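Coordinates from target01.cif are shown below (mmCIF, C-alpha atoms, pLDDT in the B column; chains and numbers go by the auth columns).
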data_data
#
loop_
_atom_site.group_PDB
_atom_site.id
_atom_site.type_symbol
_atom_site.label_atom_id
_atom_site.label_comp_id
_atom_site.label_asym_id
_atom_site.label_seq_id
_atom_site.Cartn_x
_atom_site.Cartn_y
_atom_site.Cartn_z
_atom_site.B_iso_or_equiv
_atom_site.auth_seq_id
_atom_site.auth_asym_id
ATOM 1 C CA ASP A 1 -100.317 -108.320 -155.378 62.00 18 A
ATOM 2 C CA GLY A 2 -103.626 -106.801 -154.388 70.00 19 A
ATOM 3 C CA GLY A 3 -105.959 -105.562 -157.032 92.00 20 A
ATOM 4 C CA ILE A 4 -109.178 -105.930 -158.968 95.00 21 A
ATOM 5 C CA THR A 5 -109.589 -108.569 -161.636 95.00 22 A
ATOM 6 C CA GLN A 6 -112.221 -108.332 -164.327 97.00 23 A
ATOM 7 C CA SER A 7 -112.957 -111.154 -166.715 95.00 24 A
ATOM 8 C CA PRO A 8 -113.290 -111.785 -169.510 95.00 25 A
ATOM 9 C CA LYS A 9 -111.476 -108.970 -171.301 95.00 26 A
ATOM 10 C CA TYR A 10 -113.762 -109.340 -174.325 95.00 27 A
ATOM 11 C CA LEU A 11 -117.259 -110.792 -174.369 94.00 28 A
ATOM 12 C CA PHE A 12 -119.779 -111.312 -177.117 92.00 29 A
ATOM 13 C CA ARG A 13 -123.502 -111.607 -176.566 89.00 30 A
ATOM 14 C CA LYS A 14 -126.107 -113.080 -178.831 89.00 31 A
ATOM 15 C CA GLU A 15 -129.531 -111.531 -179.020 85.00 32 A
ATOM 16 C CA GLY A 16 -131.759 -112.673 -176.165 86.00 33 A
ATOM 17 C CA GLN A 17 -128.856 -113.995 -174.141 92.00 34 A
ATOM 18 C CA ASN A 18 -127.873 -113.093 -170.599 95.00 35 A
ATOM 19 C CA VAL A 19 -124.153 -112.698 -169.940 95.00 36 A
ATOM 20 C CA THR A 20 -122.251 -112.254 -166.689 97.00 37 A
ATOM 21 C CA LEU A 21 -119.170 -110.113 -166.187 97.00 38 A
ATOM 22 C CA SER A 22 -116.899 -111.082 -163.341 98.00 39 A
ATOM 23 C CA CYS A 23 -115.266 -108.701 -160.870 98.00 40 A
ATOM 24 C CA GLU A 24 -113.081 -109.933 -158.024 97.00 41 A
ATOM 25 C CA GLN A 25 -110.981 -107.902 -155.579 97.00 42 A
ATOM 26 C CA ASN A 26 -108.501 -108.961 -152.910 95.00 43 A
ATOM 27 C CA LEU A 27 -108.068 -105.506 -151.419 93.00 44 A
ATOM 28 C CA ASN A 28 -110.525 -106.160 -148.598 93.00 45 A
ATOM 29 C CA HIS A 29 -112.564 -103.204 -149.806 92.00 46 A
ATOM 30 C CA ASP A 30 -116.107 -102.738 -148.587 91.00 47 A
ATOM 31 C CA ALA A 31 -117.588 -100.894 -151.550 91.00 48 A
ATOM 32 C CA MET A 32 -117.737 -102.028 -155.155 94.00 49 A
ATOM 33 C CA TYR A 33 -119.102 -100.349 -158.265 94.00 50 A
ATOM 34 C CA TRP A 34 -119.999 -101.086 -161.880 97.00 51 A
ATOM 35 C CA TYR A 35 -119.655 -98.379 -164.509 96.00 52 A
ATOM 36 C CA ARG A 36 -120.523 -98.348 -168.170 97.00 53 A
ATOM 37 C CA GLN A 37 -118.379 -96.341 -170.571 96.00 54 A
ATOM 38 C CA ASP A 38 -119.595 -95.305 -174.005 93.00 55 A
ATOM 39 C CA PRO A 39 -117.658 -93.047 -176.394 84.00 56 A
ATOM 40 C CA GLY A 40 -118.263 -89.403 -175.477 77.00 57 A
ATOM 41 C CA GLN A 41 -120.378 -90.328 -172.446 79.00 58 A
ATOM 42 C CA GLY A 42 -117.840 -90.636 -169.677 86.00 59 A
ATOM 43 C CA LEU A 43 -118.561 -93.177 -166.943 92.00 60 A
ATOM 44 C CA ARG A 44 -122.112 -93.888 -165.902 93.00 61 A
ATOM 45 C CA LEU A 45 -122.928 -95.795 -162.737 93.00 62 A
ATOM 46 C CA ILE A 46 -124.927 -99.009 -163.141 96.00 63 A
ATOM 47 C CA TYR A 47 -124.968 -100.506 -159.630 96.00 64 A
ATOM 48 C CA TYR A 48 -122.990 -100.160 -156.437 93.00 65 A
ATOM 49 C CA SER A 49 -122.637 -102.057 -153.194 93.00 66 A
ATOM 50 C CA GLN A 50 -121.351 -100.670 -149.936 89.00 67 A
ATOM 51 C CA ILE A 51 -121.545 -103.920 -147.991 91.00 68 A
ATOM 52 C CA VAL A 52 -122.064 -107.639 -148.521 94.00 69 A
ATOM 53 C CA ASN A 53 -125.637 -108.677 -149.333 95.00 70 A
ATOM 54 C CA ASP A 54 -126.634 -105.104 -150.125 94.00 71 A
ATOM 55 C CA PHE A 55 -126.565 -103.082 -153.338 95.00 72 A
ATOM 56 C CA GLN A 56 -128.236 -100.030 -154.866 93.00 73 A
ATOM 57 C CA LYS A 57 -129.181 -98.994 -158.358 94.00 74 A
ATOM 58 C CA GLY A 58 -127.126 -96.363 -160.067 92.00 75 A
ATOM 59 C CA ASP A 59 -128.175 -94.052 -162.878 89.00 76 A
ATOM 60 C CA ILE A 60 -128.617 -96.682 -165.599 94.00 77 A
ATOM 61 C CA ALA A 61 -129.576 -99.932 -163.811 96.00 78 A
ATOM 62 C CA GLU A 62 -132.324 -101.028 -166.202 96.00 79 A
ATOM 63 C CA GLY A 63 -131.428 -104.250 -167.985 96.00 80 A
ATOM 64 C CA TYR A 64 -128.705 -105.165 -165.486 97.00 81 A
ATOM 65 C CA SER A 65 -128.574 -107.187 -162.288 98.00 82 A
ATOM 66 C CA VAL A 66 -125.910 -107.765 -159.642 98.00 83 A
ATOM 67 C CA SER A 67 -125.239 -109.812 -156.516 98.00 84 A
ATOM 68 C CA ARG A 68 -122.898 -109.320 -153.584 97.00 85 A
ATOM 69 C CA GLU A 69 -122.776 -112.642 -151.754 97.00 86 A
ATOM 70 C CA LYS A 70 -119.104 -112.298 -150.904 97.00 87 A
ATOM 71 C CA LYS A 71 -117.028 -109.245 -150.058 96.00 88 A
ATOM 72 C CA GLU A 72 -114.532 -110.077 -152.807 97.00 89 A
ATOM 73 C CA SER A 73 -116.980 -110.555 -155.649 98.00 90 A
ATOM 74 C CA PHE A 74 -119.507 -108.320 -157.423 98.00 91 A
ATOM 75 C CA PRO A 75 -120.647 -109.934 -160.695 98.00 92 A
ATOM 76 C CA LEU A 76 -122.744 -108.000 -163.198 98.00 93 A
ATOM 77 C CA THR A 77 -125.323 -109.721 -165.381 97.00 94 A
ATOM 78 C CA VAL A 78 -126.344 -108.017 -168.586 96.00 95 A
ATOM 79 C CA THR A 79 -129.820 -109.326 -169.292 95.00 96 A
ATOM 80 C CA SER A 80 -131.695 -109.626 -172.558 91.00 97 A
ATOM 81 C CA ALA A 81 -133.722 -106.606 -171.427 91.00 98 A
ATOM 82 C CA GLN A 82 -130.686 -104.409 -172.040 91.00 99 A
ATOM 83 C CA LYS A 83 -131.252 -103.517 -175.687 88.00 100 A
ATOM 84 C CA ASN A 84 -127.997 -101.670 -176.244 92.00 101 A
ATOM 85 C CA PRO A 85 -125.373 -103.556 -174.255 93.00 102 A
ATOM 86 C CA THR A 86 -122.337 -102.823 -176.426 95.00 103 A
ATOM 87 C CA ALA A 87 -119.974 -100.835 -174.197 96.00 104 A
ATOM 88 C CA PHE A 88 -116.860 -100.975 -172.070 96.00 105 A
ATOM 89 C CA TYR A 89 -117.647 -102.042 -168.491 98.00 106 A
ATOM 90 C CA LEU A 90 -115.479 -101.024 -165.573 97.00 107 A
ATOM 91 C CA CYS A 91 -115.581 -102.428 -162.077 97.00 108 A
ATOM 92 C CA ALA A 92 -114.158 -100.450 -159.175 95.00 109 A
ATOM 93 C CA SER A 93 -113.724 -100.871 -155.454 93.00 110 A
ATOM 94 C CA GLN A 94 -113.267 -98.493 -152.551 90.00 111 A
ATOM 95 C CA ARG A 95 -112.043 -99.124 -149.030 85.00 112 A
ATOM 96 C CA GLY A 96 -115.005 -97.396 -147.495 72.00 113 A
ATOM 97 C CA ALA A 97 -117.798 -95.556 -149.213 55.00 114 A
ATOM 98 C CA TRP A 98 -116.371 -92.343 -147.829 61.00 115 A
ATOM 99 C CA ASN A 99 -113.556 -90.083 -148.963 61.00 116 A
ATOM 100 C CA GLU A 100 -111.499 -92.871 -150.493 76.00 117 A
ATOM 101 C CA LYS A 101 -110.266 -93.130 -154.045 82.00 118 A
ATOM 102 C CA LEU A 102 -111.591 -95.748 -156.431 88.00 119 A
ATOM 103 C CA PHE A 103 -109.428 -98.637 -157.615 92.00 120 A
ATOM 104 C CA PHE A 104 -110.421 -99.839 -161.078 95.00 121 A
ATOM 105 C CA GLY A 105 -110.205 -103.142 -162.878 95.00 122 A
ATOM 106 C CA SER A 106 -108.938 -103.358 -166.446 95.00 123 A
ATOM 107 C CA GLY A 107 -112.433 -103.557 -167.919 96.00 124 A
ATOM 108 C CA THR A 108 -114.540 -105.818 -170.119 97.00 125 A
ATOM 109 C CA GLN A 109 -115.541 -104.898 -173.659 96.00 126 A
ATOM 110 C CA LEU A 110 -118.984 -106.322 -174.406 96.00 127 A
ATOM 111 C CA SER A 111 -120.189 -106.538 -177.981 94.00 128 A
ATOM 112 C CA VAL A 112 -123.353 -107.860 -179.565 88.00 129 A
ATOM 113 C CA LEU A 113 -123.126 -110.496 -182.300 82.00 130 A
ATOM 114 C CA ALA B 1 -127.969 -83.050 -158.003 74.00 1 B
ATOM 115 C CA GLN B 2 -124.291 -82.592 -158.605 81.00 2 B
ATOM 116 C CA THR B 3 -122.922 -82.288 -162.125 90.00 3 B
ATOM 117 C CA VAL B 4 -119.407 -82.284 -163.558 95.00 4 B
ATOM 118 C CA THR B 5 -118.636 -80.557 -166.856 96.00 5 B
ATOM 119 C CA GLN B 6 -115.530 -80.890 -168.973 97.00 6 B
ATOM 120 C CA SER B 7 -115.841 -78.389 -171.789 96.00 7 B
ATOM 121 C CA GLN B 8 -112.901 -79.601 -173.885 96.00 8 B
ATOM 122 C CA PRO B 9 -113.687 -82.894 -175.647 95.00 9 B
ATOM 123 C CA GLU B 10 -110.225 -83.090 -177.217 96.00 10 B
ATOM 124 C CA MET B 11 -106.882 -81.284 -177.022 97.00 11 B
ATOM 125 C CA SER B 12 -103.451 -81.611 -178.609 97.00 12 B
ATOM 126 C CA VAL B 13 -100.141 -80.156 -177.446 97.00 13 B
ATOM 127 C CA GLN B 14 -96.496 -80.611 -178.324 97.00 14 B
ATOM 128 C CA GLU B 15 -94.277 -82.682 -176.102 97.00 15 B
ATOM 129 C CA ALA B 16 -92.654 -80.679 -173.270 97.00 16 B
ATOM 130 C CA GLU B 17 -95.349 -78.000 -173.360 97.00 17 B
ATOM 131 C CA THR B 18 -97.698 -77.212 -170.494 98.00 18 B
ATOM 132 C CA VAL B 19 -101.400 -77.959 -170.911 98.00 19 B
ATOM 133 C CA THR B 20 -104.431 -77.170 -168.761 98.00 20 B
ATOM 134 C CA LEU B 21 -107.616 -79.230 -168.749 98.00 21 B
ATOM 135 C CA SER B 22 -110.785 -77.556 -167.530 98.00 22 B
ATOM 136 C CA CYS B 23 -113.421 -78.900 -165.181 98.00 23 B
ATOM 137 C CA THR B 24 -116.368 -77.164 -163.578 98.00 24 B
ATOM 138 C CA TYR B 25 -118.896 -78.673 -161.216 97.00 25 B
ATOM 139 C CA ASP B 26 -122.149 -77.762 -159.623 94.00 26 B
ATOM 140 C CA THR B 27 -123.008 -78.521 -156.013 91.00 27 B
ATOM 141 C CA SER B 28 -124.668 -76.908 -153.033 89.00 28 B
ATOM 142 C CA GLU B 29 -122.433 -78.758 -150.620 87.00 29 B
ATOM 143 C CA SER B 30 -119.377 -77.347 -148.891 86.00 30 B
ATOM 144 C CA ASN B 31 -117.503 -80.548 -148.120 87.00 31 B
ATOM 145 C CA TYR B 32 -116.413 -82.826 -150.950 90.00 32 B
ATOM 146 C CA TYR B 33 -113.521 -84.359 -152.857 91.00 33 B
ATOM 147 C CA LEU B 34 -112.478 -83.738 -156.431 94.00 34 B
ATOM 148 C CA PHE B 35 -110.401 -86.106 -158.540 95.00 35 B
ATOM 149 C CA TRP B 36 -108.646 -86.321 -161.869 97.00 36 B
ATOM 150 C CA TYR B 37 -108.409 -89.798 -163.377 96.00 37 B
ATOM 151 C CA LYS B 38 -106.354 -90.756 -166.415 97.00 38 B
ATOM 152 C CA GLN B 39 -107.349 -93.479 -168.892 96.00 39 B
ATOM 153 C CA PRO B 40 -104.519 -94.304 -171.317 95.00 40 B
ATOM 154 C CA PRO B 41 -105.065 -96.405 -174.471 91.00 41 B
ATOM 155 C CA SER B 42 -104.872 -99.533 -172.305 91.00 42 B
ATOM 156 C CA ARG B 43 -108.162 -98.256 -170.783 92.00 43 B
ATOM 157 C CA GLN B 44 -106.922 -98.815 -167.233 92.00 44 B
ATOM 158 C CA MET B 45 -108.217 -95.987 -165.035 94.00 45 B
ATOM 159 C CA ILE B 46 -105.497 -94.382 -162.939 94.00 46 B
ATOM 160 C CA LEU B 47 -105.903 -91.748 -160.236 94.00 47 B
ATOM 161 C CA VAL B 48 -103.802 -88.691 -161.082 96.00 48 B
ATOM 162 C CA ILE B 49 -104.580 -86.307 -158.266 95.00 49 B
ATOM 163 C CA ARG B 50 -107.093 -85.630 -155.503 93.00 50 B
ATOM 164 C CA GLN B 51 -108.225 -82.414 -153.800 94.00 51 B
ATOM 165 C CA GLU B 52 -110.183 -82.016 -150.579 91.00 52 B
ATOM 166 C CA ALA B 53 -112.549 -79.064 -150.794 91.00 53 B
ATOM 167 C CA TYR B 54 -111.744 -77.847 -147.284 89.00 54 B
ATOM 168 C CA LYS B 55 -108.067 -77.468 -148.164 89.00 55 B
ATOM 169 C CA GLN B 56 -107.152 -74.137 -149.729 85.00 56 B
ATOM 170 C CA GLN B 57 -103.766 -75.328 -150.937 91.00 57 B
ATOM 171 C CA ASN B 58 -103.810 -76.751 -154.442 94.00 58 B
ATOM 172 C CA ALA B 59 -102.787 -80.402 -154.714 93.00 59 B
ATOM 173 C CA THR B 60 -99.606 -81.295 -156.594 93.00 60 B
ATOM 174 C CA GLU B 61 -98.233 -84.631 -157.776 92.00 61 B
ATOM 175 C CA ASN B 62 -94.918 -84.237 -159.607 95.00 62 B
ATOM 176 C CA ARG B 63 -95.747 -82.693 -163.022 97.00 63 B
ATOM 177 C CA PHE B 64 -99.480 -82.615 -162.266 97.00 64 B
ATOM 178 C CA SER B 65 -101.105 -79.817 -160.323 97.00 65 B
ATOM 179 C CA VAL B 66 -104.581 -78.420 -159.922 97.00 66 B
ATOM 180 C CA ASN B 67 -106.051 -74.951 -159.770 97.00 67 B
ATOM 181 C CA PHE B 68 -108.947 -75.288 -157.354 96.00 68 B
ATOM 182 C CA GLN B 69 -111.263 -72.287 -157.255 96.00 69 B
ATOM 183 C CA LYS B 70 -113.992 -73.216 -154.776 94.00 70 B
ATOM 184 C CA ALA B 71 -116.106 -70.111 -155.195 94.00 71 B
ATOM 185 C CA ALA B 72 -116.061 -70.478 -158.962 96.00 72 B
ATOM 186 C CA LYS B 73 -116.549 -74.272 -158.694 96.00 73 B
ATOM 187 C CA SER B 74 -113.610 -74.836 -160.982 97.00 74 B
ATOM 188 C CA PHE B 75 -111.017 -77.600 -160.792 97.00 75 B
ATOM 189 C CA SER B 76 -108.514 -77.481 -163.644 98.00 76 B
ATOM 190 C CA LEU B 77 -105.583 -79.850 -164.147 98.00 77 B
ATOM 191 C CA LYS B 78 -102.217 -78.549 -165.278 98.00 78 B
ATOM 192 C CA ILE B 79 -99.681 -80.912 -166.795 98.00 79 B
ATOM 193 C CA SER B 80 -96.180 -79.452 -166.976 98.00 80 B
ATOM 194 C CA ASP B 81 -93.413 -80.685 -169.274 97.00 81 B
ATOM 195 C CA SER B 82 -95.897 -82.974 -171.018 97.00 82 B
ATOM 196 C CA GLN B 83 -94.683 -86.403 -172.117 97.00 83 B
ATOM 197 C CA LEU B 84 -95.852 -88.828 -174.779 97.00 84 B
ATOM 198 C CA GLY B 85 -97.068 -91.131 -172.005 96.00 85 B
ATOM 199 C CA ASP B 86 -99.516 -88.450 -170.899 97.00 86 B
ATOM 200 C CA THR B 87 -101.622 -89.191 -173.980 97.00 87 B
ATOM 201 C CA ALA B 88 -104.921 -90.393 -172.534 97.00 88 B
ATOM 202 C CA MET B 89 -108.517 -89.573 -171.679 96.00 89 B
ATOM 203 C CA TYR B 90 -108.743 -87.469 -168.547 97.00 90 B
ATOM 204 C CA PHE B 91 -111.824 -87.544 -166.345 97.00 91 B
ATOM 205 C CA CYS B 92 -112.738 -85.070 -163.655 97.00 92 B
ATOM 206 C CA ALA B 93 -114.808 -86.521 -160.806 94.00 93 B
ATOM 207 C CA PHE B 94 -116.740 -85.258 -157.779 93.00 94 B
ATOM 208 C CA MET B 95 -117.496 -87.086 -154.541 89.00 95 B
ATOM 209 C CA SER B 96 -119.734 -85.775 -151.795 83.00 96 B
ATOM 210 C CA LEU B 97 -118.677 -86.058 -148.175 77.00 97 B
ATOM 211 C CA MET B 98 -122.047 -84.953 -146.887 72.00 98 B
ATOM 212 C CA ASN B 99 -124.147 -87.886 -147.974 66.00 99 B
ATOM 213 C CA ARG B 100 -122.686 -91.336 -147.545 60.00 100 B
ATOM 214 C CA ASP B 101 -125.051 -92.732 -150.171 61.00 101 B
ATOM 215 C CA ASP B 102 -123.850 -90.325 -152.823 64.00 102 B
ATOM 216 C CA LYS B 103 -121.620 -91.861 -155.432 74.00 103 B
ATOM 217 C CA ILE B 104 -118.714 -90.454 -157.411 85.00 104 B
ATOM 218 C CA ILE B 105 -119.824 -88.456 -160.445 89.00 105 B
ATOM 219 C CA PHE B 106 -117.620 -88.304 -163.536 93.00 106 B
ATOM 220 C CA GLY B 107 -117.405 -85.758 -166.319 94.00 107 B
ATOM 221 C CA LYS B 108 -117.483 -86.873 -169.946 94.00 108 B
ATOM 222 C CA GLY B 109 -113.732 -86.622 -170.312 95.00 109 B
ATOM 223 C CA THR B 110 -111.101 -84.767 -172.311 97.00 110 B
ATOM 224 C CA ARG B 111 -109.025 -86.690 -174.835 96.00 111 B
ATOM 225 C CA LEU B 112 -105.458 -85.363 -174.668 97.00 112 B
ATOM 226 C CA HIS B 113 -102.907 -86.004 -177.412 97.00 113 B
ATOM 227 C CA ILE B 114 -99.232 -85.280 -176.775 97.00 114 B
ATOM 228 C CA LEU B 115 -97.501 -84.791 -180.097 97.00 115 B
ATOM 229 C CA PRO B 116 -93.820 -85.656 -180.649 95.00 116 B
#
Any chance you could give the structure as structure tokens?
Amino acid sequence: DGGITQSPKYLFRKEGQNVTLSCEQNLNHDAMYWYRQDPGQGLRLIYYSQIVNDFQKGDIAEGYSVSREKKESFPLTVTSAQKNPTAFYLCASQRGAWNEKLFFGSGTQLSVL
Amino acid sequence: AQTVTQSQPEMSVQEAETVTLSCTYDTSESNYYLFWYKQPPSRQMILVIRQEAYKQQNATENRFSVNFQKAAKSFSLKISDSQLGDTAMYFCAFMSLMNRDDKIIFGKGTRLHILP
């Protein structure tokens, strides 16, 4: 079945550590997105990519990095520069970055030890 | 810049009742999409309904319908004959069709409880 797979489901980060969240899709979608969800804040866009080898910063990109070397994969690295990383992270994909609905993964809950 | 506002942080209704969730947005554009997404306790985001701004007819999906008032920039979601499985966070979202680089903007959500 086609879909988006995020892993791991839960992730713990030690202070000063970089961690990488995985997002893979087999929907052949061009665009992929990373959102951060905090209680009472809705979804805030971290990074997005409309095509392989290209990506743009969203509203809260500081302390995060991404890569888009393959169409299917859009990993998010939470760096040690992100001082408040505890949140629920959602990855989404879209067939084209135009008038198409988002398909979401099941999310990763990141917590700080 | 576009904004999406959901003025009801939390709501509760009895099972089988009808409930309406409010959403207002601000944009200077004339061509756009509006969405309602549902996030149940599993936290999986699910598209409930979608409305194209150029269509006057309100979108309907089974028990879910919208009241789209373009001039008022209002996009409310009505859930009829509510069921326990409708308990979830509901997010209103806006997507521009004018600027390809614009991303989807989400409201802060309304937590809906369906009571037995």
I need the contact residues of chain B against chain A, so if you could list those with any atom within 10 Å, counting all atoms listed in the file, and return them as a short mmCIF file (atom, residue, chain, number, x, y, z; two decimals) with C-alpha atoms, in the frame of the given file, that would help.
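Result file is selection.cif:
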data_model
loop_
_atom_site.label_atom_id
_atom_site.label_comp_id
_atom_site.auth_asym_id
_atom_site.auth_seq_id
_atom_site.Cartn_x
_atom_site.Cartn_y
_atom_site.Cartn_z
CA PRO B 9 -113.69 -82.89 -175.65
CA TYR B 32 -116.41 -82.83 -150.95
CA TYR B 33 -113.52 -84.36 -152.86
CA LEU B 34 -112.48 -83.74 -156.43
CA PHE B 35 -110.40 -86.11 -158.54
CA TYR B 37 -108.41 -89.80 -163.38
CA SER B 42 -104.87 -99.53 -172.30
CA ARG B 43 -108.16 -98.26 -170.78
CA GLN B 44 -106.92 -98.82 -167.23
CA MET B 45 -108.22 -95.99 -165.04
CA ILE B 46 -105.50 -94.38 -162.94
CA LEU B 47 -105.90 -91.75 -160.24
CA ILE B 49 -104.58 -86.31 -158.27
CA ARG B 50 -107.09 -85.63 -155.50
CA GLU B 52 -110.18 -82.02 -150.58
CA MET B 89 -108.52 -89.57 -171.68
CA TYR B 90 -108.74 -87.47 -168.55
CA PHE B 91 -111.82 -87.54 -166.34
CA CYS B 92 -112.74 -85.07 -163.66
CA ALA B 93 -114.81 -86.52 -160.81
CA MET B 95 -117.50 -87.09 -154.54
CA SER B 96 -119.73 -85.78 -151.79
CA LEU B 97 -118.68 -86.06 -148.18
CA MET B 98 -122.05 -84.95 -146.89
CA ASN B 99 -124.15 -87.89 -147.97
CA ARG B 100 -122.69 -91.34 -147.54
CA ASP B 101 -125.05 -92.73 -150.17
CA ASP B 102 -123.85 -90.32 -152.82
CA LYS B 103 -121.62 -91.86 -155.43
CA ILE B 104 -118.71 -90.45 -157.41
CA ILE B 105 -119.82 -88.46 -160.44
CA PHE B 106 -117.62 -88.30 -163.54
CA GLY B 107 -117.40 -85.76 -166.32
CA LYS B 108 -117.48 -86.87 -169.95
CA GLY B 109 -113.73 -86.62 -170.31
CA THR B 110 -111.10 -84.77 -172.31
CA ARG B 111 -109.02 -86.69 -174.84
#
Close residues, segment 89-95 of chain A itself excluded, 10 Å, all atoms listed in the file, min 5 positions apart in chain, as a PyMOL selection string:
chain A and resi 21-24+30+34-51+63-66+69+72+78-84+100+102+106+108-110+127
When you draw a straight line from atom CA of Glu32 of chain A to atom CA of Tyr52 of chain A, how long is it in Å?
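Separating atom CA of Glu32 of chain A from atom CA of Tyr52 of chain A is a distance of 21.9 Å.
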Determine the axis-aligned bounding box of all atoms of segment 53-63 of chain B present in the file, pad each side by 6 Å, and express its centre and edge lengths in Å to one decimal place as lines of an AutoDock Vina configuration file.
center_x = -103.7
center_y = -79.4
center_z = -155.2
size_x = 29.6
size_y = 22.5
size_z = 27.7
Using atom CA of Ala53 of chain B and atom CA of Asp26 of chain B as the two end points, give the distance in Å to one decimal.
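Between these atoms lies a distance of 13.1 Å.
The coordinates place atom CA of Gly33 of chain A at 19.9 Å from atom CA of Arg53 of chain A.
Put simply, the PyMOL selection byres ((chain A and resi 27) around 7) on this file hits Pro25, Lys26, Leu28, Phe29, Thr125, Gln126 and Leu127 of chain A.
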Please evaluate the PyMOL selection byres ((chain B and resi 113) around 7) against the structure above and give the resulting residues as a ChimeraX atom specification.
/B:11-13,87-88,111-112,114-115
Suppose a student applies the PyMOL selection byres ((chain B and resi 80) around 6) to this structure; what residues should they get, written as a list in words?
Thr18, Arg63, Ile79, Asp81 and Ser82 of chain B
Neighbours of segment 20-23 of chain B within 6 Å (only C-alpha atoms; same-chain residues fewer than 2 positions away dropped), as number ranges by chain?
B: 5-6, 74-78
The residue from B:Gln83, B:Gln39, B:Gln8, B:Val19 with the smallest atom-to-atom distance to Ser65 of chain B, counting all atoms listed in the file, is B:Val19
Name all residues at most 8 Å from Thr27 of chain B (count all atoms listed in the file; drop same-chain ones fewer than 3 positions away) and give them as a PDB file with C-alpha atoms, in the coordinates of the input.
ATOM      1  CA  ALA B   1    -127.969 -83.050-158.003  1.00 74.00           C
ATOM      2  CA  GLN B   2    -124.291 -82.592-158.605  1.00 81.00           C
ATOM      3  CA  THR B   3    -122.922 -82.288-162.125  1.00 90.00           C
TER       4      THR B   3
END
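Nearest to Ile68 of chain A of all the residues A:Leu130, A:Gln111, A:Ser97, A:Arg85 is A:Arg85, based on only C-alpha atoms.
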